[in-house]
Amino acid sequence: MSNRDDKGRWMPGQSGGGVKPKGAKNRPKPERLAEQAAKERLSAMLGQALEVVEASMAANHPDALQAAKLVLAKAIPDSKSPGTYVDLPGYADPALSLEQRAQVLDDALADGRLSVEQHATLSRALESRAKFTDLARIELLLSHVREGKTLAEALAITEGREPAATEGTDE
């Protein structure tokens with residue numbers, strides 16, 4: 001029996017939609033599979049760790065309790081909150097200096113828009129950026145010195161100023 005009429009159209013009551021393969025509705029998503037695998041690995045690790053701790057406690061090892069704490073601290077990761085979008089007006093403004101961006105972070109912490117953990121994370125990122133910026137500036141300065149510029153000239157060029165004219169130089 002055909003689901004179409006003589007003109008090739010679908011008959012009334014026939015949607016014509018594709019049929020999903022058998023079991024497709026119940027197929028686990030990759031995220032669920034990864035989460036399940038992580039839980040199984042953690043469970044196995046904890047089982048092994050508990051065996052070691054039990055054995056050391058049974059042997060009256062003096063550091064058994066410390067070993068148990070260490071195992072649990074390593075086996076159970078720190079709980080981290082999921083990424084949260086925080087609106088920091090002006091933070092992304094390229095005209096802001098790193099000090100001004102740090103002030104934006106401090107203000108957001110004081111206003112309660114950032115948690116202490118978020119402030120610490122963003123401050124570390126800002127500090128890394130400052131180090132990178134300093135390193136890039138030093139490399140640029142050195143390249144000007146290697147080209148034969150004096151340190152004063154190289155500093156002026158690096159800072160975007162015109163080098164001061166020095167007496168006694170023939171250029």
# chains A, B, ... in the order shown; residues from 1 in each chain; ligands from 1
>>> select_by_dssp(residues="segment 14-168 of chain A", states="helix (DSSP H, G or I)", output="count of residues only")
94
>>> atom_distance(atom1="atom CA of Val86 of chain A", atom2="atom CA of Ser128 of chain A")
20.0 Å
>>> closest_residue(among="A:Val71, A:Glu40, A:Asp111, A:Gln14", to="Val52 of chain A", atoms="only C-alpha atoms")
A:Val71
>>> atom_distance(atom1="atom CA of Ala49 of chain A", atom2="atom CA of Glu35 of chain A")
20.8 Å
>>> residues_around(residues="Ala154 of chain A", least_positions_apart="6", cutoff="7 Å", atoms="only C-alpha atoms", output="list in words")
Leu141, His144 and Val145 of chain A
>>> atom_distance(atom1="atom CA of Leu46 of chain A", atom2="atom CA of Glu117 of chain A")
27.9 Å
>>> residues_around(residues="Ala68 of chain A", least_positions_apart="2", cutoff="9 Å", atoms="only C-alpha atoms", output="PyMOL selection string")
chain A and resi 49-50+52-54+63-66+70-73
>>> write_last_selection(atoms="C-alpha atoms", output="short mmCIF file (atom, residue, chain, number, x, y, z; two decimals), in the first residue's frame")
data_model
loop_
_atom_site.label_atom_id
_atom_site.label_comp_id
_atom_site.auth_asym_id
_atom_site.auth_seq_id
_atom_site.Cartn_x
_atom_site.Cartn_y
_atom_site.Cartn_z
CA ALA A 49 42.09 4.84 47.38
CA LEU A 50 39.85 3.58 50.16
CA VAL A 52 44.92 1.77 50.43
CA VAL A 53 43.67 3.89 53.33
CA GLU A 54 41.97 0.90 55.00
CA ASP A 63 50.06 8.74 58.79
CA ALA A 64 46.89 6.83 57.88
CA LEU A 65 44.56 9.72 58.62
CA GLN A 66 46.76 12.17 56.72
CA LEU A 70 45.29 13.54 50.88
CA VAL A 71 43.54 10.85 48.84
CA LEU A 72 40.16 12.52 49.22
CA ALA A 73 41.55 15.95 48.41
#
>>> closest_atom_pairs(of="segment 39-121 of chain A", to="segment 129-139 of chain A", cutoff="12 Å", atoms="only C-alpha atoms", output="JSON lines")
{"residue": "A:Ser97", "atom": "CA", "partner": "A:Ala130", "partner_atom": "CA", "distance": 9.7}
{"residue": "A:Leu98", "atom": "CA", "partner": "A:Ala130", "partner_atom": "CA", "distance": 6.8}
{"residue": "A:Glu99", "atom": "CA", "partner": "A:Ala130", "partner_atom": "CA", "distance": 9.4}
{"residue": "A:Arg101", "atom": "CA", "partner": "A:Ala130", "partner_atom": "CA", "distance": 10.9}
{"residue": "A:Ala102", "atom": "CA", "partner": "A:Ala130", "partner_atom": "CA", "distance": 10.7}
>>> write_last_selection(atoms="N, CA and C atoms", output="CSV table (one decimal), in the first residue's frame")
chain,number,residue,atom,x,y,z
A,97,SER,N,43.9,51.8,30.7
A,97,SER,CA,45.2,51.2,31.1
A,97,SER,C,44.9,50.0,31.9
A,98,LEU,N,45.9,49.2,32.2
A,98,LEU,CA,45.8,48.0,33.0
A,98,LEU,C,45.4,48.4,34.4
A,99,GLU,N,45.9,49.5,34.9
A,99,GLU,CA,45.5,50.0,36.2
A,99,GLU,C,44.1,50.4,36.3
A,101,ARG,N,41.7,49.1,34.4
A,101,ARG,CA,40.9,47.9,34.4
A,101,ARG,C,40.9,47.2,35.7
A,102,ALA,N,42.0,47.2,36.4
A,102,ALA,CA,42.1,46.7,37.8
A,102,ALA,C,41.1,47.4,38.7
>>> residues_around(residues="Ser115 of chain A", least_positions_apart="4", cutoff="12 Å", atoms="only C-alpha atoms", output="number ranges by chain")
A: 81, 84, 86, 105-111, 119-123
>>> residues_around(residues="Glu153 of chain A", least_positions_apart="2", cutoff="9 Å", atoms="only C-alpha atoms", output="MDAnalysis selection string")
chainID A and resid 144:145 149:151 155:158 162:165
>>> residues_around(residues="Gly90 of chain A", least_positions_apart="6", cutoff="10 Å", atoms="only C-alpha atoms", output="PyMOL selection string")
chain A and resi 96+100-101+104
